[in-house]
Amino acid sequence: MPEPPRVDLILKPTPLHRLNRLSDELGLDLWIKRDDLTGFALGGNKGRKLEFLLADALAQGAQVMVAQGAAQSNFIRQLGAACAMQGLRCAAAAMHLPFFGAAGKPALPALEHRSGNIALDEVLGVDLRIHPDGDWEQLDGHMNALADEYEANGMRAYRMRPGGSSPISAYAFYLAAQEAQEQAGSFDAIVTASSSGSTHAGLANFHHGSSTRVIGICADTDPDMELASDVAALCAALDSIVGDDKRMVPTDIEMRMEWTGAGYSIPSAEGNAAIAELARKEGIFLDPVYSCKAFAGLLAMARSGEIKGRVLFWHTGGMPTLFVANLTRSANKET
Ligand SMILES: *Cc1c(COP(=O)(O)O)cnc(C)c1O
């Protein structure tokens, strides 16, 4: 397969540096990859994916990018900025709590306010349509209806999966894994948040067969264990892009569920503690939906001795939701 086309959105390489105080405390050689500092639209892992998604859309003659996701989606915010830079229209169908909230439990009411990413989407001119909560299938239906609406008005639409997940998005993280290796050599373990799976897939495929363990900490409840299969499918699709034959299967994917807490976007006591710990030891902010749960997993695995040696935390960004999260309200501590 020819190299997928790419547009430039983020400043590469993103910084990679050591966390000295936490290394001492945990007895690890702990490093951090700063994809929260992409220099693009307040940072985050979606910038890398969008470099390929936008190029693909432009090659197809798209005039409007149509996304789906949570109302506080980091993806939609970064997509809005990417569309602005390329002169494309940006539209998104969203729900405050698509399927995710643990059944019957209202998750994080503060995330519904018109602040955080929603405020930034407004600044960017995103056509954000927030629907009543429902499941993924309903959200996909809303996204298609929105794309149909634009097409009825004569605009060519590019339809996307939640999180912009696709093989070319995973390819962006295959290249990112290479970027980190060029900056700092090899690690014993890389820990990242995982949700739609393309970040995890790119890193896992690149390191498959090496001595580097790639551990994804799941941000969603996944009773049917579908996410590891999704990641493995993205890894398999990556083989054909990079011309490799790794043929990864779900059991090759380390997807850890112990730090998800009560569900997507529901704060957990461990996640909140991780936010405080990284901020108070290293002056770095985590987000309350994804990276805090990943870092909580890293801290727990370091303290139990499950991960040792040279460890890289992949910071995926998400800071705007820190301003709308009510961290005092967690699954363990109802208010
Ligand atoms: C989207 C997102 C993730 C999850 O990345 P996937 O590639 O969708 O698994 C992790 N962290 C943050 C901050 C995100 O916005």
# chains A, B, ... in the order shown; residues from 1 in each chain; ligands from 1
>>> residues_near_ligand(ligand="ligand 1", cutoff="7 Å", atoms="only C-alpha atoms and all ligand atoms", output="MDAnalysis selection string")
chainID A and resid 44:46 73:75 163 165 193:200 287 290:291 316:318
>>> residues_around(residues="region 209-223 of chain A", least_positions_apart="3", cutoff="6 Å", atoms="only C-alpha atoms", output="PDB file with C-alpha atoms, in the first residue's frame")
ATOM      1  CA  PHE A 187      11.269   1.091  27.127  1.00  0.00           C
ATOM      2  CA  ASP A 188      10.287  -1.977  29.132  1.00  0.00           C
ATOM      3  CA  ALA A 189       6.667  -0.823  29.177  1.00  0.00           C
ATOM      4  CA  ILE A 190       4.521   1.878  27.603  1.00  0.00           C
ATOM      5  CA  VAL A 191       1.252   2.745  29.347  1.00  0.00           C
ATOM      6  CA  THR A 192      -1.545   4.619  27.552  1.00  0.00           C
ATOM      7  CA  ALA A 193      -5.243   5.307  27.901  1.00  0.00           C
ATOM      8  CA  SER A 194      -7.322   3.242  25.471  1.00  0.00           C
ATOM      9  CA  SER A 195     -10.877   3.805  24.296  1.00  0.00           C
ATOM     10  CA  ALA A 204       1.110  -2.123  20.090  1.00  0.00           C
ATOM     11  CA  GLU A 254      -2.887  -5.950  26.787  1.00  0.00           C
ATOM     12  CA  MET A 255      -6.153  -4.201  27.614  1.00  0.00           C
ATOM     13  CA  ARG A 256      -6.565  -3.602  31.334  1.00  0.00           C
ATOM     14  CA  MET A 257      -9.970  -2.991  32.869  1.00  0.00           C
ATOM     15  CA  THR A 260     -12.024   2.086  34.443  1.00  0.00           C
ATOM     16  CA  GLY A 263     -17.734   3.805  33.664  1.00  0.00           C
ATOM     17  CA  TYR A 264     -16.792   6.216  30.924  1.00  0.00           C
ATOM     18  CA  TYR A 290      -8.929   9.027  30.116  1.00  0.00           C
ATOM     19  CA  ALA A 294      -4.311   5.319  32.710  1.00  0.00           C
TER      20      ALA A 294
END
>>> select_by_dssp(residues="region 151-200 of chain A", states="alpha helix (DSSP H)", output="JSON, numbers by chain")
{"A": [151, 152, 167, 168, 169, 170, 171, 172, 173, 174, 175, 176, 177, 178, 179, 180, 181, 182, 183, 184, 198, 199, 200]}
>>> select_by_dssp(residues="region 3-75 of chain A", states="strand (DSSP E)", output="PyMOL selection string")
chain A and resi 16-18+29-34+64-70
>>> residues_around(residues="Gln183 (chain A)", least_positions_apart="4", cutoff="9 Å", atoms="only C-alpha atoms", output="list in words")
Pro13, Pro15, Leu16, Gln178 and Glu179 of chain A
>>> closest_residue(among="A:Leu79, A:Ile307, A:Leu238, A:Val231", to="Ala172 (chain A)", atoms="only C-alpha atoms")
A:Leu238
>>> residues_around(residues="region 239-242 of chain A", least_positions_apart="2", cutoff="8 Å", atoms="only C-alpha atoms", output="list in words")
Met1, Pro2, Glu3, Pro4, Tyr171, Cys235, Ala236, Ala237, Asp244, Asp245, Lys246 and Arg247 of chain A
>>> write_last_selection(atoms="all heavy atoms", output="mmCIF file, in the first residue's frame")
data_model
loop_
_atom_site.group_PDB
_atom_site.id
_atom_site.type_symbol
_atom_site.label_atom_id
_atom_site.label_comp_id
_atom_site.auth_asym_id
_atom_site.auth_seq_id
_atom_site.Cartn_x
_atom_site.Cartn_y
_atom_site.Cartn_z
ATOM 1 N N MET A 1 0.855 -1.197 0.000
ATOM 2 C CA MET A 1 0.000 0.000 0.000
ATOM 3 C C MET A 1 0.891 1.248 0.000
ATOM 4 O O MET A 1 1.884 1.301 0.718
ATOM 5 C CB MET A 1 -0.857 -0.014 1.277
ATOM 6 C CG MET A 1 -2.054 0.915 1.202
ATOM 7 S SD MET A 1 -2.915 0.971 2.796
ATOM 8 C CE MET A 1 -4.600 0.829 2.251
ATOM 9 N N PRO A 2 0.546 2.265 -0.841
ATOM 10 C CA PRO A 2 1.372 3.490 -0.802
ATOM 11 C C PRO A 2 1.200 4.202 0.533
ATOM 12 O O PRO A 2 0.181 4.036 1.196
ATOM 13 C CB PRO A 2 0.805 4.335 -1.954
ATOM 14 C CG PRO A 2 -0.575 3.802 -2.209
ATOM 15 C CD PRO A 2 -0.598 2.373 -1.746
ATOM 16 N N GLU A 3 2.209 4.963 0.907
ATOM 17 C CA GLU A 3 2.171 5.755 2.148
ATOM 18 C C GLU A 3 0.909 6.619 2.174
ATOM 19 O O GLU A 3 0.654 7.381 1.238
ATOM 20 C CB GLU A 3 3.415 6.651 2.154
ATOM 21 C CG GLU A 3 3.514 7.632 3.284
ATOM 22 C CD GLU A 3 4.266 7.066 4.478
ATOM 23 O OE1 GLU A 3 4.642 5.883 4.455
ATOM 24 O OE2 GLU A 3 4.451 7.827 5.426
ATOM 25 N N PRO A 4 0.070 6.538 3.228
ATOM 26 C CA PRO A 4 -1.139 7.365 3.261
ATOM 27 C C PRO A 4 -0.779 8.849 3.274
ATOM 28 O O PRO A 4 0.215 9.235 3.889
ATOM 29 C CB PRO A 4 -1.808 6.968 4.593
ATOM 30 C CG PRO A 4 -1.191 5.670 4.990
ATOM 31 C CD PRO A 4 0.185 5.670 4.401
ATOM 32 N N TYR A 171 -2.214 4.132 12.181
ATOM 33 C CA TYR A 171 -0.914 4.340 11.524
ATOM 34 C C TYR A 171 -0.209 5.568 12.115
ATOM 35 O O TYR A 171 1.017 5.566 12.306
ATOM 36 C CB TYR A 171 -1.109 4.490 10.018
ATOM 37 C CG TYR A 171 0.168 4.736 9.250
ATOM 38 C CD1 TYR A 171 1.213 3.811 9.290
ATOM 39 C CD2 TYR A 171 0.339 5.893 8.487
ATOM 40 C CE1 TYR A 171 2.395 4.042 8.596
ATOM 41 C CE2 TYR A 171 1.507 6.122 7.785
ATOM 42 C CZ TYR A 171 2.534 5.192 7.844
ATOM 43 O OH TYR A 171 3.697 5.422 7.162
ATOM 44 N N CYS A 235 -4.815 -3.452 14.434
ATOM 45 C CA CYS A 235 -3.429 -3.909 14.252
ATOM 46 C C CYS A 235 -3.281 -4.714 12.971
ATOM 47 O O CYS A 235 -2.307 -4.560 12.228
ATOM 48 C CB CYS A 235 -2.989 -4.769 15.439
ATOM 49 S SG CYS A 235 -2.658 -3.820 16.924
ATOM 50 N N ALA A 236 -4.277 -5.555 12.702
ATOM 51 C CA ALA A 236 -4.222 -6.374 11.487
ATOM 52 C C ALA A 236 -4.314 -5.473 10.252
ATOM 53 O O ALA A 236 -3.588 -5.664 9.270
ATOM 54 C CB ALA A 236 -5.351 -7.402 11.498
ATOM 55 N N ALA A 237 -5.174 -4.460 10.313
ATOM 56 C CA ALA A 237 -5.305 -3.543 9.178
ATOM 57 C C ALA A 237 -4.014 -2.744 8.985
ATOM 58 O O ALA A 237 -3.644 -2.406 7.850
ATOM 59 C CB ALA A 237 -6.485 -2.593 9.402
ATOM 60 N N ASP A 244 3.724 -5.176 6.672
ATOM 61 C CA ASP A 244 4.269 -6.137 7.624
ATOM 62 C C ASP A 244 3.311 -7.327 7.715
ATOM 63 O O ASP A 244 2.249 -7.342 7.094
ATOM 64 C CB ASP A 244 4.440 -5.461 8.988
ATOM 65 C CG ASP A 244 5.582 -6.071 9.788
ATOM 66 O OD1 ASP A 244 5.879 -7.271 9.588
ATOM 67 O OD2 ASP A 244 6.162 -5.361 10.604
ATOM 68 N N ASP A 245 3.682 -8.302 8.504
ATOM 69 C CA ASP A 245 2.867 -9.509 8.574
ATOM 70 C C ASP A 245 2.802 -9.980 10.025
ATOM 71 O O ASP A 245 3.078 -11.138 10.325
ATOM 72 C CB ASP A 245 3.505 -10.575 7.674
ATOM 73 C CG ASP A 245 2.560 -11.728 7.395
ATOM 74 O OD1 ASP A 245 1.329 -11.515 7.476
ATOM 75 O OD2 ASP A 245 3.054 -12.826 7.095
ATOM 76 N N LYS A 246 2.462 -9.071 10.932
ATOM 77 C CA LYS A 246 2.480 -9.423 12.355
ATOM 78 C C LYS A 246 1.249 -10.219 12.774
ATOM 79 O O LYS A 246 1.287 -10.955 13.742
ATOM 80 C CB LYS A 246 2.621 -8.156 13.199
ATOM 81 C CG LYS A 246 4.005 -7.532 13.058
ATOM 82 C CD LYS A 246 4.194 -6.285 13.899
ATOM 83 C CE LYS A 246 5.659 -5.847 13.849
ATOM 84 N NZ LYS A 246 5.872 -4.499 14.404
ATOM 85 N N ARG A 247 0.161 -10.041 12.055
ATOM 86 C CA ARG A 247 -1.086 -10.799 12.285
ATOM 87 C C ARG A 247 -1.457 -10.909 13.754
ATOM 88 O O ARG A 247 -1.606 -12.010 14.308
ATOM 89 C CB ARG A 247 -0.970 -12.219 11.717
ATOM 90 C CG ARG A 247 -0.727 -12.227 10.242
ATOM 91 C CD ARG A 247 -0.729 -13.647 9.749
ATOM 92 N NE ARG A 247 -0.142 -13.725 8.425
ATOM 93 C CZ ARG A 247 -0.545 -14.569 7.495
ATOM 94 N NH1 ARG A 247 -1.513 -15.425 7.751
ATOM 95 N NH2 ARG A 247 0.021 -14.567 6.307
#
>>> closest_residue(among="A:Leu203, A:Ile168, A:Ile130, A:Ala232", to="Gln181 (chain A)", atoms="only C-alpha atoms")
A:Leu203
>>> residues_around(residues="Gly87 (chain A)", least_positions_apart="6", cutoff="10 Å", atoms="only C-alpha atoms", output="PDB file with C-alpha atoms, in the first residue's frame")
ATOM      1  CA  GLN A  63     -16.377  19.595   2.081  1.00  0.00           C
ATOM      2  CA  VAL A  64     -17.746  18.769   5.524  1.00  0.00           C
ATOM      3  CA  ALA A  81      -9.551  23.237  14.598  1.00  0.00           C
TER       4      ALA A  81
END
>>> atom_distance(atom1="CA of Ala269 (chain A)", atom2="CA of Met95 (chain A)")
24.9 Å
>>> residues_around(residues="Leu58 (chain A)", least_positions_apart="2", cutoff="10 Å", atoms="only C-alpha atoms", output="PDB file with all heavy atoms, in the first residue's frame")
ATOM      1  N   PRO A   5      -1.571   9.690   2.576  1.00  0.00           N
ATOM      2  CA  PRO A   5      -1.273  11.130   2.568  1.00  0.00           C
ATOM      3  C   PRO A   5      -1.518  11.752   3.940  1.00  0.00           C
ATOM      4  O   PRO A   5      -2.317  11.249   4.722  1.00  0.00           O
ATOM      5  CB  PRO A   5      -2.254  11.698   1.532  1.00  0.00           C
ATOM      6  CG  PRO A   5      -3.367  10.712   1.467  1.00  0.00           C
ATOM      7  CD  PRO A   5      -2.777   9.364   1.788  1.00  0.00           C
ATOM      8  N   ARG A   6      -0.804  12.847   4.215  1.00  0.00           N
ATOM      9  CA  ARG A   6      -0.887  13.482   5.530  1.00  0.00           C
ATOM     10  C   ARG A   6      -0.863  14.986   5.375  1.00  0.00           C
ATOM     11  O   ARG A   6      -0.193  15.496   4.486  1.00  0.00           O
ATOM     12  CB  ARG A   6       0.338  13.046   6.341  1.00  0.00           C
ATOM     13  CG  ARG A   6       0.152  13.105   7.838  1.00  0.00           C
ATOM     14  CD  ARG A   6       1.444  12.790   8.555  1.00  0.00           C
ATOM     15  NE  ARG A   6       2.303  13.950   8.523  1.00  0.00           N
ATOM     16  CZ  ARG A   6       3.602  13.933   8.776  1.00  0.00           C
ATOM     17  NH1 ARG A   6       4.208  12.796   9.049  1.00  0.00           N
ATOM     18  NH2 ARG A   6       4.299  15.040   8.739  1.00  0.00           N
ATOM     19  N   VAL A   7      -1.604  15.705   6.212  1.00  0.00           N
ATOM     20  CA  VAL A   7      -1.447  17.160   6.293  1.00  0.00           C
ATOM     21  C   VAL A   7      -0.746  17.466   7.621  1.00  0.00           C
ATOM     22  O   VAL A   7      -0.804  16.664   8.552  1.00  0.00           O
ATOM     23  CB  VAL A   7      -2.798  17.914   6.219  1.00  0.00           C
ATOM     24  CG1 VAL A   7      -3.513  17.648   4.895  1.00  0.00           C
ATOM     25  CG2 VAL A   7      -3.708  17.557   7.387  1.00  0.00           C
ATOM     26  N   PHE A  52      -3.950  12.400   9.205  1.00  0.00           N
ATOM     27  CA  PHE A  52      -4.256  11.426   8.145  1.00  0.00           C
ATOM     28  C   PHE A  52      -5.724  11.479   7.728  1.00  0.00           C
ATOM     29  O   PHE A  52      -6.044  11.330   6.544  1.00  0.00           O
ATOM     30  CB  PHE A  52      -3.851  10.020   8.598  1.00  0.00           C
ATOM     31  CG  PHE A  52      -2.365   9.856   8.636  1.00  0.00           C
ATOM     32  CD1 PHE A  52      -1.657  10.008   9.820  1.00  0.00           C
ATOM     33  CD2 PHE A  52      -1.655   9.611   7.471  1.00  0.00           C
ATOM     34  CE1 PHE A  52      -0.276   9.903   9.849  1.00  0.00           C
ATOM     35  CE2 PHE A  52      -0.269   9.499   7.482  1.00  0.00           C
ATOM     36  CZ  PHE A  52       0.427   9.654   8.681  1.00  0.00           C
ATOM     37  N   LEU A  53      -6.617  11.686   8.687  1.00  0.00           N
ATOM     38  CA  LEU A  53      -8.051  11.726   8.342  1.00  0.00           C
ATOM     39  C   LEU A  53      -8.364  12.914   7.431  1.00  0.00           C
ATOM     40  O   LEU A  53      -9.118  12.783   6.456  1.00  0.00           O
ATOM     41  CB  LEU A  53      -8.902  11.801   9.615  1.00  0.00           C
ATOM     42  CG  LEU A  53      -8.906  10.544  10.482  1.00  0.00           C
ATOM     43  CD1 LEU A  53      -9.583  10.820  11.829  1.00  0.00           C
ATOM     44  CD2 LEU A  53      -9.624   9.390   9.758  1.00  0.00           C
ATOM     45  N   LEU A  54      -7.793  14.080   7.747  1.00  0.00           N
ATOM     46  CA  LEU A  54      -8.042  15.257   6.921  1.00  0.00           C
ATOM     47  C   LEU A  54      -7.493  15.060   5.512  1.00  0.00           C
ATOM     48  O   LEU A  54      -8.147  15.417   4.527  1.00  0.00           O
ATOM     49  CB  LEU A  54      -7.412  16.504   7.561  1.00  0.00           C
ATOM     50  CG  LEU A  54      -8.297  17.392   8.436  1.00  0.00           C
ATOM     51  CD1 LEU A  54      -9.247  18.217   7.595  1.00  0.00           C
ATOM     52  CD2 LEU A  54      -9.068  16.623   9.479  1.00  0.00           C
ATOM     53  N   ALA A  55      -6.289  14.495   5.429  1.00  0.00           N
ATOM     54  CA  ALA A  55      -5.699  14.273   4.102  1.00  0.00           C
ATOM     55  C   ALA A  55      -6.566  13.309   3.302  1.00  0.00           C
ATOM     56  O   ALA A  55      -6.797  13.518   2.100  1.00  0.00           O
ATOM     57  CB  ALA A  55      -4.278  13.726   4.241  1.00  0.00           C
ATOM     58  N   ASP A  56      -7.072  12.283   3.957  1.00  0.00           N
ATOM     59  CA  ASP A  56      -7.937  11.313   3.281  1.00  0.00           C
ATOM     60  C   ASP A  56      -9.223  11.994   2.803  1.00  0.00           C
ATOM     61  O   ASP A  56      -9.667  11.786   1.669  1.00  0.00           O
ATOM     62  CB  ASP A  56      -8.255  10.175   4.261  1.00  0.00           C
ATOM     63  CG  ASP A  56      -8.977   9.015   3.598  1.00  0.00           C
ATOM     64  OD1 ASP A  56      -8.552   8.613   2.490  1.00  0.00           O
ATOM     65  OD2 ASP A  56      -9.978   8.531   4.168  1.00  0.00           O
ATOM     66  N   GLN A  60     -10.649  12.774  -1.056  1.00  0.00           N
ATOM     67  CA  GLN A  60     -11.974  12.346  -1.523  1.00  0.00           C
ATOM     68  C   GLN A  60     -12.865  13.518  -1.908  1.00  0.00           C
ATOM     69  O   GLN A  60     -14.043  13.331  -2.202  1.00  0.00           O
ATOM     70  CB  GLN A  60     -12.662  11.520  -0.437  1.00  0.00           C
ATOM     71  CG  GLN A  60     -11.977  10.187  -0.189  1.00  0.00           C
ATOM     72  CD  GLN A  60     -12.699   9.379   0.895  1.00  0.00           C
ATOM     73  OE1 GLN A  60     -13.902   9.507   1.088  1.00  0.00           O
ATOM     74  NE2 GLN A  60     -11.946   8.550   1.593  1.00  0.00           N
ATOM     75  N   GLY A  61     -12.338  14.725  -1.816  1.00  0.00           N
ATOM     76  CA  GLY A  61     -13.128  15.897  -2.194  1.00  0.00           C
ATOM     77  C   GLY A  61     -14.190  16.280  -1.173  1.00  0.00           C
ATOM     78  O   GLY A  61     -15.181  16.951  -1.495  1.00  0.00           O
ATOM     79  N   ALA A  62     -13.991  15.887   0.101  1.00  0.00           N
ATOM     80  CA  ALA A  62     -14.983  16.207   1.136  1.00  0.00           C
ATOM     81  C   ALA A  62     -15.019  17.709   1.402  1.00  0.00           C
ATOM     82  O   ALA A  62     -14.005  18.405   1.301  1.00  0.00           O
ATOM     83  CB  ALA A  62     -14.636  15.466   2.426  1.00  0.00           C
ATOM     84  N   GLN A  63     -16.209  18.183   1.734  1.00  0.00           N
ATOM     85  CA  GLN A  63     -16.377  19.595   2.081  1.00  0.00           C
ATOM     86  C   GLN A  63     -16.805  19.766   3.534  1.00  0.00           C
ATOM     87  O   GLN A  63     -16.663  20.840   4.099  1.00  0.00           O
ATOM     88  CB  GLN A  63     -17.422  20.226   1.156  1.00  0.00           C
ATOM     89  CG  GLN A  63     -16.950  20.261  -0.287  1.00  0.00           C
ATOM     90  CD  GLN A  63     -18.101  20.341  -1.269  1.00  0.00           C
ATOM     91  OE1 GLN A  63     -19.028  19.527  -1.245  1.00  0.00           O
ATOM     92  NE2 GLN A  63     -18.059  21.328  -2.128  1.00  0.00           N
ATOM     93  N   VAL A  64     -17.348  18.707   4.114  1.00  0.00           N
ATOM     94  CA  VAL A  64     -17.746  18.769   5.524  1.00  0.00           C
ATOM     95  C   VAL A  64     -17.317  17.470   6.209  1.00  0.00           C
ATOM     96  O   VAL A  64     -17.506  16.384   5.676  1.00  0.00           O
ATOM     97  CB  VAL A  64     -19.271  19.028   5.678  1.00  0.00           C
ATOM     98  CG1 VAL A  64     -20.100  17.992   4.942  1.00  0.00           C
ATOM     99  CG2 VAL A  64     -19.680  19.071   7.159  1.00  0.00           C
ATOM    100  N   MET A  65     -16.691  17.603   7.380  1.00  0.00           N
ATOM    101  CA  MET A  65     -16.303  16.445   8.185  1.00  0.00           C
ATOM    102  C   MET A  65     -17.414  16.230   9.203  1.00  0.00           C
ATOM    103  O   MET A  65     -17.784  17.163   9.924  1.00  0.00           O
ATOM    104  CB  MET A  65     -14.995  16.720   8.932  1.00  0.00           C
ATOM    105  CG  MET A  65     -13.817  17.118   8.050  1.00  0.00           C
ATOM    106  SD  MET A  65     -13.212  15.767   7.025  1.00  0.00           S
ATOM    107  CE  MET A  65     -12.257  14.800   8.216  1.00  0.00           C
ATOM    108  N   GLN A  86      -8.072  23.837   7.329  1.00  0.00           N
ATOM    109  CA  GLN A  86      -8.142  23.338   5.944  1.00  0.00           C
ATOM    110  C   GLN A  86      -9.310  23.947   5.179  1.00  0.00           C
ATOM    111  O   GLN A  86      -9.551  23.573   4.021  1.00  0.00           O
ATOM    112  CB  GLN A  86      -8.280  21.800   5.949  1.00  0.00           C
ATOM    113  CG  GLN A  86      -7.140  21.072   6.629  1.00  0.00           C
ATOM    114  CD  GLN A  86      -5.816  21.266   5.907  1.00  0.00           C
ATOM    115  OE1 GLN A  86      -5.776  21.350   4.682  1.00  0.00           O
ATOM    116  NE2 GLN A  86      -4.736  21.348   6.659  1.00  0.00           N
ATOM    117  N   LEU A  88     -12.516  23.530   5.788  1.00  0.00           N
ATOM    118  CA  LEU A  88     -13.642  22.597   5.682  1.00  0.00           C
ATOM    119  C   LEU A  88     -14.683  22.928   6.751  1.00  0.00           C
ATOM    120  O   LEU A  88     -14.356  23.473   7.804  1.00  0.00           O
ATOM    121  CB  LEU A  88     -13.172  21.150   5.901  1.00  0.00           C
ATOM    122  CG  LEU A  88     -12.174  20.590   4.899  1.00  0.00           C
ATOM    123  CD1 LEU A  88     -11.715  19.198   5.334  1.00  0.00           C
ATOM    124  CD2 LEU A  88     -12.810  20.509   3.510  1.00  0.00           C
ATOM    125  N   TYR A 158     -17.717  13.620   4.872  1.00  0.00           N
ATOM    126  CA  TYR A 158     -16.792  12.560   5.277  1.00  0.00           C
ATOM    127  C   TYR A 158     -17.228  12.092   6.659  1.00  0.00           C
ATOM    128  O   TYR A 158     -17.218  12.856   7.623  1.00  0.00           O
ATOM    129  CB  TYR A 158     -15.374  13.130   5.320  1.00  0.00           C
ATOM    130  CG  TYR A 158     -14.268  12.125   5.560  1.00  0.00           C
ATOM    131  CD1 TYR A 158     -13.669  11.448   4.497  1.00  0.00           C
ATOM    132  CD2 TYR A 158     -13.783  11.872   6.845  1.00  0.00           C
ATOM    133  CE1 TYR A 158     -12.630  10.553   4.704  1.00  0.00           C
ATOM    134  CE2 TYR A 158     -12.741  10.973   7.067  1.00  0.00           C
ATOM    135  CZ  TYR A 158     -12.168  10.319   5.986  1.00  0.00           C
ATOM    136  OH  TYR A 158     -11.131   9.434   6.195  1.00  0.00           O
TER     137      TYR A 158
END
>>> closest_residue(among="A:Arg89, A:Lys293, A:Arg303, A:Arg310", to="Tyr150 (chain A)", atoms="only C-alpha atoms")
A:Arg89
>>> closest_residue(among="A:Gly164, A:Gly309, A:Gly261, A:Gly154", to="Ala296 (chain A)", atoms="only C-alpha atoms")
A:Gly261
>>> atom_distance(atom1="CA of Glu226 (chain A)", atom2="CA of Lys49 (chain A)")
21.7 Å
>>> decode(residues="region 167-212 of chain A", atoms="C-alpha atoms", output="CSV table (one decimal), in the first residue's frame")
chain,number,residue,atom,x,y,z
A,167,PRO,CA,-6.5,2.1,10.3
A,168,ILE,CA,-4.9,5.4,9.1
A,169,SER,CA,-5.5,6.8,12.7
A,170,ALA,CA,-3.7,3.8,14.1
A,171,TYR,CA,-0.9,4.3,11.5
A,172,ALA,CA,-0.4,7.8,13.0
A,173,PHE,CA,0.5,6.1,16.3
A,174,TYR,CA,2.7,3.5,14.7
A,175,LEU,CA,4.7,6.5,13.5
A,176,ALA,CA,4.4,8.1,16.9
A,177,ALA,CA,5.9,5.0,18.5
A,178,GLN,CA,8.8,5.3,16.1
A,179,GLU,CA,9.2,9.0,17.0
A,180,ALA,CA,9.4,8.2,20.7
A,181,GLN,CA,11.9,5.4,20.1
A,182,GLU,CA,14.1,7.8,18.1
A,183,GLN,CA,13.9,10.3,21.0
A,184,ALA,CA,14.7,8.1,23.9
A,185,GLY,CA,15.4,4.5,22.8
A,186,SER,CA,13.5,1.5,24.1
A,187,PHE,CA,11.3,1.1,27.1
A,188,ASP,CA,10.3,-2.0,29.1
A,189,ALA,CA,6.7,-0.8,29.2
A,190,ILE,CA,4.5,1.9,27.6
A,191,VAL,CA,1.3,2.7,29.3
A,192,THR,CA,-1.5,4.6,27.6
A,193,ALA,CA,-5.2,5.3,27.9
A,194,SER,CA,-7.3,3.2,25.5
A,195,SER,CA,-10.9,3.8,24.3
A,196,SER,CA,-11.7,3.6,20.6
A,197,GLY,CA,-8.3,1.8,20.3
A,198,SER,CA,-6.3,3.4,17.5
A,199,THR,CA,-3.7,5.0,19.8
A,200,HIS,CA,-3.2,1.6,21.5
A,201,ALA,CA,-3.2,-0.3,18.2
A,202,GLY,CA,-0.5,1.9,16.6
A,203,LEU,CA,1.8,1.6,19.6
A,204,ALA,CA,1.1,-2.1,20.1
A,205,ASN,CA,1.7,-3.0,16.5
A,206,PHE,CA,5.0,-1.1,16.3
A,207,HIS,CA,6.3,-2.8,19.4
A,208,HIS,CA,4.9,-6.3,18.7
A,209,GLY,CA,7.6,-8.9,18.9
A,210,SER,CA,10.0,-6.5,20.8
A,211,SER,CA,10.8,-6.4,24.5
A,212,THR,CA,8.5,-3.5,25.0
